[in-house]
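*Asks:* One structure coming up, written as structure tokens, with questions to follow.
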Amino acid sequence: MSQVASEHLGEALGTDFFSVREQFTEEQWSHFSTVRRFVDEEVVPVVGPYWERAEICWPLIKRLPELGIVGEDIKGYGCAGMSPLACGLVTMELHRGDGSLGVALGVHAGLAMMSIAMLGSEEQKERWLPAMATMDKFGAFALTEPDHGSDSVALETSARREGDSWVLTGHKRWIGLGSIADLVIVWARNTEDGKVGAFVVEKGSPGYQAEVIEGKVSLRSIWQADIVLDNVRVPEENRLPGARSFKDTGKVLAATRSTCAWAALGHATSAYDTALRYALERRQFGKPLASFQIIQQRLVTMLADLTAMQLYCLQIGRLAEAGRLTETVAGLAKMHNTRKARVIAADARDMLGGNGILLDYQVARHMADLEAIHTFEGTETMQTLIVGRAVTGIGAFT
């Protein structure tokens with residue numbers, strides 16, 4: 001790795017005290033550098049007004065395929081085929097710019113495309129993945145239900161077999177891109193054997209109704225939807241054959257929980273960088289804020305947490321590349337990083353004083369967006385119980 005690339009990484013991660021940069025390959029840093037330039041030059045300058053208006057920034061989303069990052073680590077079918085560590089770095093950088101943009105790609109590629117890649121037939125992969133890799137078709141992932149947030153295993157949406165088709169009935173909530181997606185991966189319970197399966201509902205299917213959830217104060221530039229499935233007929237060829245139980249859902253979610261850890265690192269990096277720059281430039285009582293002991297103490301504490309988050313991400317990336325990343329480990333990383341990121345963002349906002357609540361300074365936007373990331377893909381409480389079960393051998397969910 002060149003000295004320039006090495007210095008660039010140190011800048012991107014706040015201060016690379018533990019030499020994390022030395023652990024990555026040129027391929028991984030190529031993706032990182034491409035997305036970093038995109039974020040600095042195209043994302044950060046424009047996202048504030050979109051966030052304030054709760055509008056999707058389509059010009060930025062349309063640019064993602066051009067960056068060669070759509071499709072996670074899926075090989076072939078026009079997908080990015082990145083390593084898990086490269087996927088993490090891309091996620092980190094997108095969230096450093098805008099959480100809504102990062103989540104949009106995560107929903108489309110990390111959930112919808114990965115469901116098809118992991119659980120679909122070869123014919124289904126050939127049919128859908130190439131168009132999704134170019135974002136000519138958008139995907140969504142419909143698991144969560146109004147009465148079953150954390151308790152997603154208890155989903156009630158049903159799938160009834162009728163000849164060569166399946167009839168889906170139920171209600172989904174908090175479905176990112178669910179109101180605009182061309183393909184929605186709907187998880188439903190077979191009325192005959194009670195097993196959970198996945199079905200691809202295509203845009204325009206009769207009985208599919210989606211309404212954007214309004215009034216959000218987090219991730220305002222991506223739309224989540226309430227979805228009603230009123231006897232939606234899905235052909236057998238749209239059932240993902242690899243989805244035979246809820247455990248298959250967990251295979252997809254394990255990867256996205258680690259994505260949350262990388263996303264939190266991106267938000268925290270932006271908040272820390274902003275606080276550091278502000279402390280160096282802002283003068284109070286005749287000298288820079290950074291010259292006061294209490295400010296330096298807070299910056300160092302933030303940096304210590306940020307460095308720990310980096311190490312968590314590095315290790316879950318290594319485990320993913322070795323095929324050893326488990327749901328429990330991913331859950332611990334998600335729990336730790338979102339918790340630490342919230343503290344870093346709150347401290348950064350406080351250090352900026354009144355300016356900290358202005359969109360121009362970005363910190364408040366990151367602080368608000370972190371609330372959603374801290375909650376989705378399993379709340380801190382649920383991740384704690386998952387890890388607690390692994391530690392003690394005792395399930396404490398009920």
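A note on labels: chains of the structure tokens are A, B, ... as shown, every chain counts residues from 1, and ligands are counted from 1 in their shown order.
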Do you know which residues are at most 7 Å from Ala198 (chain A) counting only C-alpha atoms, after dropping those on the same chain fewer than 2 positions away, and could you put them as a PyMOL selection string?
*Replies:* chain A and resi 185-188+200+239-240+243
*Asks:* Report the residues of region 82-157 of chain A whose backbone DSSP state falls under strand (DSSP E or B), written as a list in words.
*Replies:*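 Result set for region 82-157 of chain A (strand (DSSP E or B)): Gly139, Ala140, Phe141, Ala142, Glu145 and His148 of chain A.
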*Asks:* Compare A:Tyr272, A:Phe292, A:Tyr278, A:Phe141 by their minimum atom-to-atom distance to Asp305 (chain A), counting only C-alpha atoms, and give me the closest one.
*Replies:*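 Using only C-alpha atoms, Asp305 (chain A) sits closest to A:Tyr272.
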*Asks:* Could you list, as a short mmCIF file (atom, residue, chain, number, x, y, z; two decimals) with C-alpha atoms, in the first residue's frame, every residue within 10 Å of Lys203 (chain A), counting only C-alpha atoms and ignoring same-chain residues fewer than 5 positions away?
*Replies:*
data_model
loop_
_atom_site.label_atom_id
_atom_site.label_comp_id
_atom_site.auth_asym_id
_atom_site.auth_seq_id
_atom_site.Cartn_x
_atom_site.Cartn_y
_atom_site.Cartn_z
CA LYS A 137 -34.80 -2.87 -10.50
CA PHE A 138 -34.96 -2.02 -6.80
CA GLY A 139 -35.41 -4.59 -4.07
CA GLY A 178 -41.23 -1.05 0.24
CA SER A 179 -43.31 1.63 -1.45
CA ILE A 180 -41.10 1.91 -4.55
CA ALA A 181 -39.39 -1.47 -4.94
CA ASP A 182 -39.77 -3.58 -8.06
CA LEU A 183 -39.12 -6.78 -6.10
CA VAL A 184 -40.10 -7.31 -2.47
CA TYR A 208 -50.11 -5.32 -2.58
#
*Asks:* Residues near Glu214 (chain A), anyone? I mean within 10 Å using only C-alpha atoms, not counting same-chain ones fewer than 3 positions away, as a list in words.
*Replies:* Ala54, Glu211, Val217, Arg220, Trp223, Gln224 and Ala225 of chain A
*Asks:* Pick from A:Asn238, A:Thr144, A:Trp174, A:Ala396: nearest to Arg127 (chain A), with only C-alpha atoms counted?
*Replies:*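 Nearest to Arg127 (chain A): A:Asn238.
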